Amino acid sequence: MLGRIIAQKRREVEELRVGLDIDKVSELKRSKHPRNFNHTPNRVAVIAELKKASPIKGQLCADYNLPDMALSYAENGAAVISVLTDKEFFQGSPDFLPEIRTLVQLPLLRKDFIIDELQLYESLLLGADLVLLIAAVHNYPRLLDLTVKCRELGMEPLLEVHDREEVKKALDLPVGMIGVNNRNLKDFTVDIKTSLKLAEYIPDNIGRVSESGIRSAADMRLLGEHGYQAALIGEALVTSPNPGMKLRELVNYDQG
């Protein structure tokens, strides 16, 4: 699956080479004031994800309404809104980012499979404040180039790892946040214990974010006990009958 996704991204990058106006990016860079992710000490914040579908489960929410859900996230305690922009496999769209930017003032994370610097320029134009970079997709020199360019453009890279070797690679990069994905990219199984096992290898001066499989207040408390500053949560929210209420439950995980 990952190979198919990357092949599709290469096609998309070639389209970007034709259509992206780099001059606009340079102009925007000078005027951009990034919205930073500021978390409360000793609390696990929620990065609430707008996720319509997945390549394994298909459509996750029958009556998915992007603007309503984004506003609900903003009103119910999200610290950051994560926006899936992949069309082919997750039924997202790059157009979702500027649409949500007009609705909320929260920092926006672009979640996609970034393989080229052109996608970072595009992310800035779309209004992203943070960008997901996946360690499994790149070697060290390529990750270094992408993280440096991301910072040059005024965006925060969230570097996603899956195992101890990828954590080691991440620690030599200019990143302030490491996201541990609890989903195995080979078989797509999910186990929150991945975050718990890798926590001890991430220094305290780097923000820890747990991704995938977080569904309850108990999960949030467990992450807090292991020093996590944030949890990226999508499916538990979009599949809930009341995403706003579910988000409040997770944000207020220590209130019984």
# chains A, B, ... in the order shown; residues from 1 in each chain; ligands from 1
$ residues_around --residues "stretch 62-73 of chain A" --least-positions-apart "4" --cutoff "12 Å" --atoms "only C-alpha atoms" --output "MDAnalysis selection string"
chainID A and resid 46:53 58 77:84 91:93 95:108 233:234 237:248 250:251
$ residues_around --residues "A:Asn184" --least-positions-apart "2" --cutoff "12 Å" --atoms "only C-alpha atoms" --output "PyMOL selection string"
chain A and resi 1-2+136+161-163+180-182+186-195+211-213
$ closest_residue --among "A:Val137, A:Leu153, A:Ile214, A:Ala231" --to "A:Gly179" --atoms "only C-alpha atoms"
A:Ala231
$ residues_around --residues "A:Gln119" --least-positions-apart "4" --cutoff "9 Å" --atoms "only C-alpha atoms" --output "list in words"
Val13, Leu16, Ile114, Ile115, Ser123 and Leu124 of chain A
$ write_last_selection --atoms "C-alpha atoms" --output "compact mmCIF listing (two decimals), in the first residue's frame"
# COMPACT_ATOMS: atom_id res chain seq x y z
CA VAL A 13 4.66 16.28 -7.75
CA LEU A 16 3.00 20.63 -9.22
CA ILE A 114 5.39 14.60 1.51
CA ILE A 115 8.15 13.41 -0.81
CA SER A 123 1.63 23.59 1.92
CA LEU A 124 2.63 27.16 2.73
$ select_by_dssp --residues "stretch 83-241 of chain A" --states "alpha helix (DSSP H)" --output "ChimeraX atom specification"
/A:96-101,117-126,140-152,164-170,193-198,217-225,235-238
$ residues_around --residues "A:Arg142" --least-positions-apart "5" --cutoff "12 Å" --atoms "only C-alpha atoms" --output "PyMOL selection string"
chain A and resi 114-117+133-137+147-149+169-170+173
$ select_by_dssp --residues "stretch 6-153 of chain A" --states "strand (DSSP E)" --output "ChimeraX atom specification"
/A:45-50,53-54,58-59,80-84,108-111,130-134
$ write_last_selection --atoms "N, CA and C atoms" --output "compact mmCIF listing (two decimals), in the first residue's frame"
# COMPACT_ATOMS: atom_id res chain seq x y z
N ALA A 45 -2.53 17.40 24.87
CA ALA A 45 -3.44 18.12 23.98
C ALA A 45 -3.95 17.18 22.89
N VAL A 46 -5.03 17.60 22.24
CA VAL A 46 -5.58 16.80 21.15
C VAL A 46 -5.36 17.53 19.83
N ILE A 47 -4.71 16.85 18.90
CA ILE A 47 -4.65 17.28 17.50
C ILE A 47 -5.79 16.54 16.82
N ALA A 48 -6.87 17.26 16.55
CA ALA A 48 -8.10 16.64 16.03
C ALA A 48 -8.04 16.58 14.51
N GLU A 49 -8.26 15.39 13.97
CA GLU A 49 -8.07 15.19 12.54
C GLU A 49 -9.39 15.13 11.77
N LEU A 50 -9.37 15.83 10.64
CA LEU A 50 -10.47 15.75 9.68
C LEU A 50 -10.14 14.63 8.70
N ALA A 53 -11.99 9.27 5.08
CA ALA A 53 -11.88 7.86 4.71
C ALA A 53 -10.46 7.36 4.94
N SER A 54 -10.31 6.05 4.88
CA SER A 54 -8.98 5.43 4.92
C SER A 54 -8.91 4.37 3.84
N GLY A 58 -12.30 2.39 4.07
CA GLY A 58 -13.19 3.17 3.20
C GLY A 58 -13.74 4.38 3.93
N GLN A 59 -14.93 4.82 3.53
CA GLN A 59 -15.50 6.02 4.14
C GLN A 59 -15.85 5.76 5.60
N VAL A 80 -4.87 21.73 17.81
CA VAL A 80 -4.46 21.81 16.41
C VAL A 80 -5.50 21.02 15.61
N ILE A 81 -5.74 21.43 14.37
CA ILE A 81 -6.59 20.63 13.48
C ILE A 81 -5.71 20.04 12.39
N SER A 82 -5.76 18.71 12.28
CA SER A 82 -5.02 18.00 11.24
C SER A 82 -5.94 17.78 10.05
N VAL A 83 -5.42 18.10 8.86
CA VAL A 83 -6.24 18.03 7.65
C VAL A 83 -5.59 17.05 6.67
N LEU A 84 -6.28 15.97 6.39
CA LEU A 84 -5.80 15.01 5.39
C LEU A 84 -6.06 15.58 4.01
N LEU A 108 -2.98 24.69 11.80
CA LEU A 108 -3.40 23.61 10.91
C LEU A 108 -2.20 22.75 10.52
N LEU A 109 -2.37 21.44 10.66
CA LEU A 109 -1.36 20.47 10.25
C LEU A 109 -1.76 19.87 8.91
N ARG A 110 -0.89 19.97 7.93
CA ARG A 110 -1.16 19.27 6.68
C ARG A 110 -0.67 17.84 6.80
N LYS A 111 -1.60 16.89 6.69
CA LYS A 111 -1.24 15.49 6.78
C LYS A 111 -1.35 14.86 5.40
N LEU A 130 1.84 23.49 10.25
CA LEU A 130 2.67 22.32 10.53
C LEU A 130 2.53 21.35 9.36
N VAL A 131 3.56 20.53 9.15
CA VAL A 131 3.55 19.56 8.05
C VAL A 131 4.06 18.23 8.55
N LEU A 132 3.35 17.16 8.22
CA LEU A 132 3.79 15.81 8.59
C LEU A 132 4.88 15.35 7.63
N LEU A 133 5.99 14.85 8.19
CA LEU A 133 7.04 14.20 7.42
C LEU A 133 7.22 12.79 7.97
N ILE A 134 7.24 11.80 7.11
CA ILE A 134 7.25 10.39 7.53
C ILE A 134 8.65 9.81 7.35
$ atom_distance --atom1 "atom CA of A:His226" --atom2 "atom CA of A:Leu196"
6.4 Å
